[in-house]
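Engineer: Starting off with a structure, shown below.
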Amino acid sequence: MLSAESAATVRATLPAVAGALDEITTRFYGAMFRDRPELLDGMFNRGNQASGDQRRALAGSIAGFATALLDDPDSRPDALLDRIAHKHAAVGVTDDQYTIVHKYLFGAIAEVLGDAVTAEVAAAWDEVYWLMAGALIGREARLYQDAGVRPGHVWRQWTVVERRPDPPEVGAYLRRPAAGEPAPSARAGQYVSVRVLMPDGVHQLRQYSLSSDPGGDLRRITVKRVAGTADAPDGEVSNQLHDQLHEGDGLTLSAPFGDVFLDDAADPTTPLVLVSAGIGGTPMTGILAHLAALESTRPVLVLHADRSPADHALRAETRDLAERLPGARAVFWYEQPGAEEPAAREGRMELDGIELPDGATVFLCGPLPFMRDVRGQLLAAGVPARHIRYEVFGPDLWLPDALG
């Protein structure tokens with residue numbers, strides 16, 4: 001619970017703090033990595049730092065949590081906290097690191113806002129920080145316990161048993177635990193972190209969805225080679241995997257995490273709508289594979305948009321899985337249609353004319369602009385917001401208008 005005194009101070013200063021969060025988080029990361037460079041080795045992704053995504057995600061989470069406390073001081077924004085906790089557990093965040101973050105974050109706040117940070121203001125925002133940190137620490141402890149690992153010790157070795165392109169710039173890597181160990185339990189739709197040693201001796205991390213049924217010892221991740229843009233460098237991890245990882249090689253992976261998954265304990269007759277674009281189709285393929293393994297008869301509508309059939313990762317497998325499920329049907333959209341999918345629609349995904357099943361649970365994954373647009377279409381079609389679950393690859397931009 002946020003105290004009444006702190007709530008009043010946070011409410012009065014939130015506009016100023018929120019307006020300065022970009023500069024605050026920039027200085028925060030700069031100072032922390034200067035003094036604690038080891039955190040860049042296997043904890044933070046350098047690509048996300050270079051693009052600014054990590055900085056914006058931190059700023060959005062702080063503003064989002066503070067706003068939620070002001071709206072209802074006795075509540076917790078569970079969706080935000082659960083998502084962050086799963087991301088943290090997937091990279092091995094531990095309790096002591098919250099103290100490190102506090103030191104550098106509040107140092108940056110004082111540096112940027114100067115005399116505006118009175119003792120009263122500092123105490124109020126300190127309360128917000130530790131309410132958020134405490135809630136996350138508790139959630140992460142439960143996640144580690146459920147995964148059967150000690151806090152922070154999430155890594156284990158796997159062996160790549162198959163690598164195949166699907167399509168050429170997307171690598172599908174099938175692997176099994178090294179040394180004959182059983183695979184950790186996982187849920188369809190979850191992801192793992194991949195920990196890779198880069199040529200300069202620094203470990204880098206990236207999360208990839210499980211794109212196969214997670215029920216057995218064989219697990220698959222499907223990795224798209226990420227090319228750089230004017231605003232961001234090449235994807236270090238994806239390019240390293242494409243260029244260096246082969247059958248028989250070892251691979252370091254975290255335990256599976258992720259708050260967006262198919263709940264096997266839920267009503268098995270509830271319709272599902274799986275909506276994706278680009279490489280965002282990989283967790284949907286994992287969900288379809290799990291449903292096929294269960295011989296599910298539930299209604300499933302698969303909606304996917306891509307540049308062309310040749311660019312559509314796991315296209316043939318997705319189509320085959322949908323055809324194996326008696327209650328499933330698939331609709332594809334392509335900006336550049338091809339003969340491989342003669343029934344596909346042309347252009348961007350438009351839900352006009354698509355009959356959405358009543359009471360469906362919707363899973364949504366793809367580029368942020370795509371998810372924002374399609375979520376708006378789903379809401380306009382009468383799908384309740386609470387029925388729409390989405391996954392973001394990389395840092396989640398928890399800004400107030402991130403998904404509309």
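In the structure tokens, chains take letters A, B, ... by order of appearance, with residues numbered from 1 within each chain and ligands from 1 in the order shown.
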List every residue of stretch 333-370 of chain A that has an atom at most 10 Å from any atom of stretch 281-301 of chain A, giving for each one its closest atom pair and the distance in Å to one decimal, counting only C-alpha atoms, sorted by chain and then by ascending residue number, as a tab-separated table.

Structural biologist:
```
residue	atom	partner	partner_atom	distance
A:Ile354	CA	A:Leu301	CA	9.7
A:Glu355	CA	A:Leu301	CA	9.3
A:Leu356	CA	A:Leu301	CA	7.8
A:Pro357	CA	A:Pro299	CA	8.0
A:Ala360	CA	A:Pro299	CA	8.8
A:Thr361	CA	A:Val300	CA	9.7
A:Val362	CA	A:Leu301	CA	9.3
A:Phe363	CA	A:Met284	CA	7.9
A:Leu364	CA	A:Met284	CA	8.7
A:Cys365	CA	A:Gly281	CA	7.0
A:Gly366	CA	A:Gly281	CA	7.4
```

Engineer: Given the choices A:His246, A:Val93, A:Ala183, A:Arg150, which gets closest to A:Glu162 if the distance is worked out from only C-alpha atoms?

Structural biologist: A:His246

Engineer: Write out as a count of residues only which residues come within 10 Å of A:Glu169 when counting only C-alpha atoms, dropping same-chain ones fewer than 5 positions away.

Structural biologist: 8

Engineer: Can you list, as a list in words, every residue of stretch 278-370 of chain A that DSSP puts in strand (DSSP E or B)?

Structural biologist: Val300, Leu301, Val302, Leu303, His304, Ala305, Asp306, Ala328, Arg329, Ala330, Val331, Phe332, Trp333, Tyr334, Arg345, Glu346, Thr361, Val362, Phe363, Leu364 and Cys365 of chain A

Engineer: Could you save those same residues with N, CA and C atoms as a compact mmCIF listing (two decimals), in the first residue's frame?

Structural biologist:
```
# COMPACT_ATOMS: atom_id res chain seq x y z
N VAL A 300 -10.20 -23.50 -32.92
CA VAL A 300 -8.97 -22.72 -32.99
C VAL A 300 -8.96 -21.97 -34.32
N LEU A 301 -8.77 -20.65 -34.26
CA LEU A 301 -8.65 -19.82 -35.45
C LEU A 301 -7.23 -19.27 -35.50
N VAL A 302 -6.50 -19.62 -36.56
CA VAL A 302 -5.12 -19.18 -36.73
C VAL A 302 -5.09 -18.06 -37.75
N LEU A 303 -4.61 -16.89 -37.35
CA LEU A 303 -4.52 -15.72 -38.24
C LEU A 303 -3.07 -15.26 -38.27
N HIS A 304 -2.47 -15.21 -39.46
CA HIS A 304 -1.05 -14.82 -39.55
C HIS A 304 -0.84 -13.91 -40.75
N ALA A 305 0.00 -12.89 -40.57
CA ALA A 305 0.37 -11.97 -41.64
C ALA A 305 1.87 -12.00 -41.84
N ASP A 306 2.31 -11.91 -43.10
CA ASP A 306 3.74 -11.94 -43.38
C ASP A 306 4.01 -11.23 -44.70
N ALA A 328 -9.88 -26.59 -36.05
CA ALA A 328 -9.03 -25.45 -36.40
C ALA A 328 -9.19 -25.05 -37.87
N ARG A 329 -8.98 -23.76 -38.12
CA ARG A 329 -8.85 -23.27 -39.49
C ARG A 329 -7.85 -22.13 -39.48
N ALA A 330 -7.19 -21.91 -40.60
CA ALA A 330 -6.13 -20.91 -40.69
C ALA A 330 -6.40 -19.95 -41.83
N VAL A 331 -6.11 -18.67 -41.59
CA VAL A 331 -6.21 -17.63 -42.62
C VAL A 331 -4.88 -16.88 -42.62
N PHE A 332 -4.25 -16.78 -43.79
CA PHE A 332 -2.97 -16.09 -43.93
C PHE A 332 -3.13 -14.85 -44.80
N TRP A 333 -2.36 -13.81 -44.48
CA TRP A 333 -2.27 -12.60 -45.29
C TRP A 333 -0.82 -12.42 -45.72
N TYR A 334 -0.61 -12.03 -46.99
CA TYR A 334 0.74 -11.76 -47.47
C TYR A 334 0.76 -10.47 -48.27
N ARG A 345 -4.94 -14.24 -48.32
CA ARG A 345 -5.42 -12.90 -48.63
C ARG A 345 -4.24 -11.97 -48.87
N GLU A 346 -4.47 -10.94 -49.65
CA GLU A 346 -3.39 -10.02 -50.01
C GLU A 346 -3.42 -8.79 -49.11
N THR A 361 -10.31 -16.90 -26.18
CA THR A 361 -9.07 -16.36 -25.65
C THR A 361 -8.16 -16.07 -26.83
N VAL A 362 -7.62 -14.86 -26.90
CA VAL A 362 -6.80 -14.44 -28.04
C VAL A 362 -5.34 -14.35 -27.61
N PHE A 363 -4.46 -14.98 -28.38
CA PHE A 363 -3.01 -14.83 -28.20
C PHE A 363 -2.50 -13.99 -29.35
N LEU A 364 -1.70 -12.98 -29.04
CA LEU A 364 -1.27 -11.99 -30.02
C LEU A 364 0.24 -11.81 -29.93
N CYS A 365 0.94 -11.92 -31.06
CA CYS A 365 2.39 -11.75 -31.05
C CYS A 365 2.86 -11.26 -32.41
```
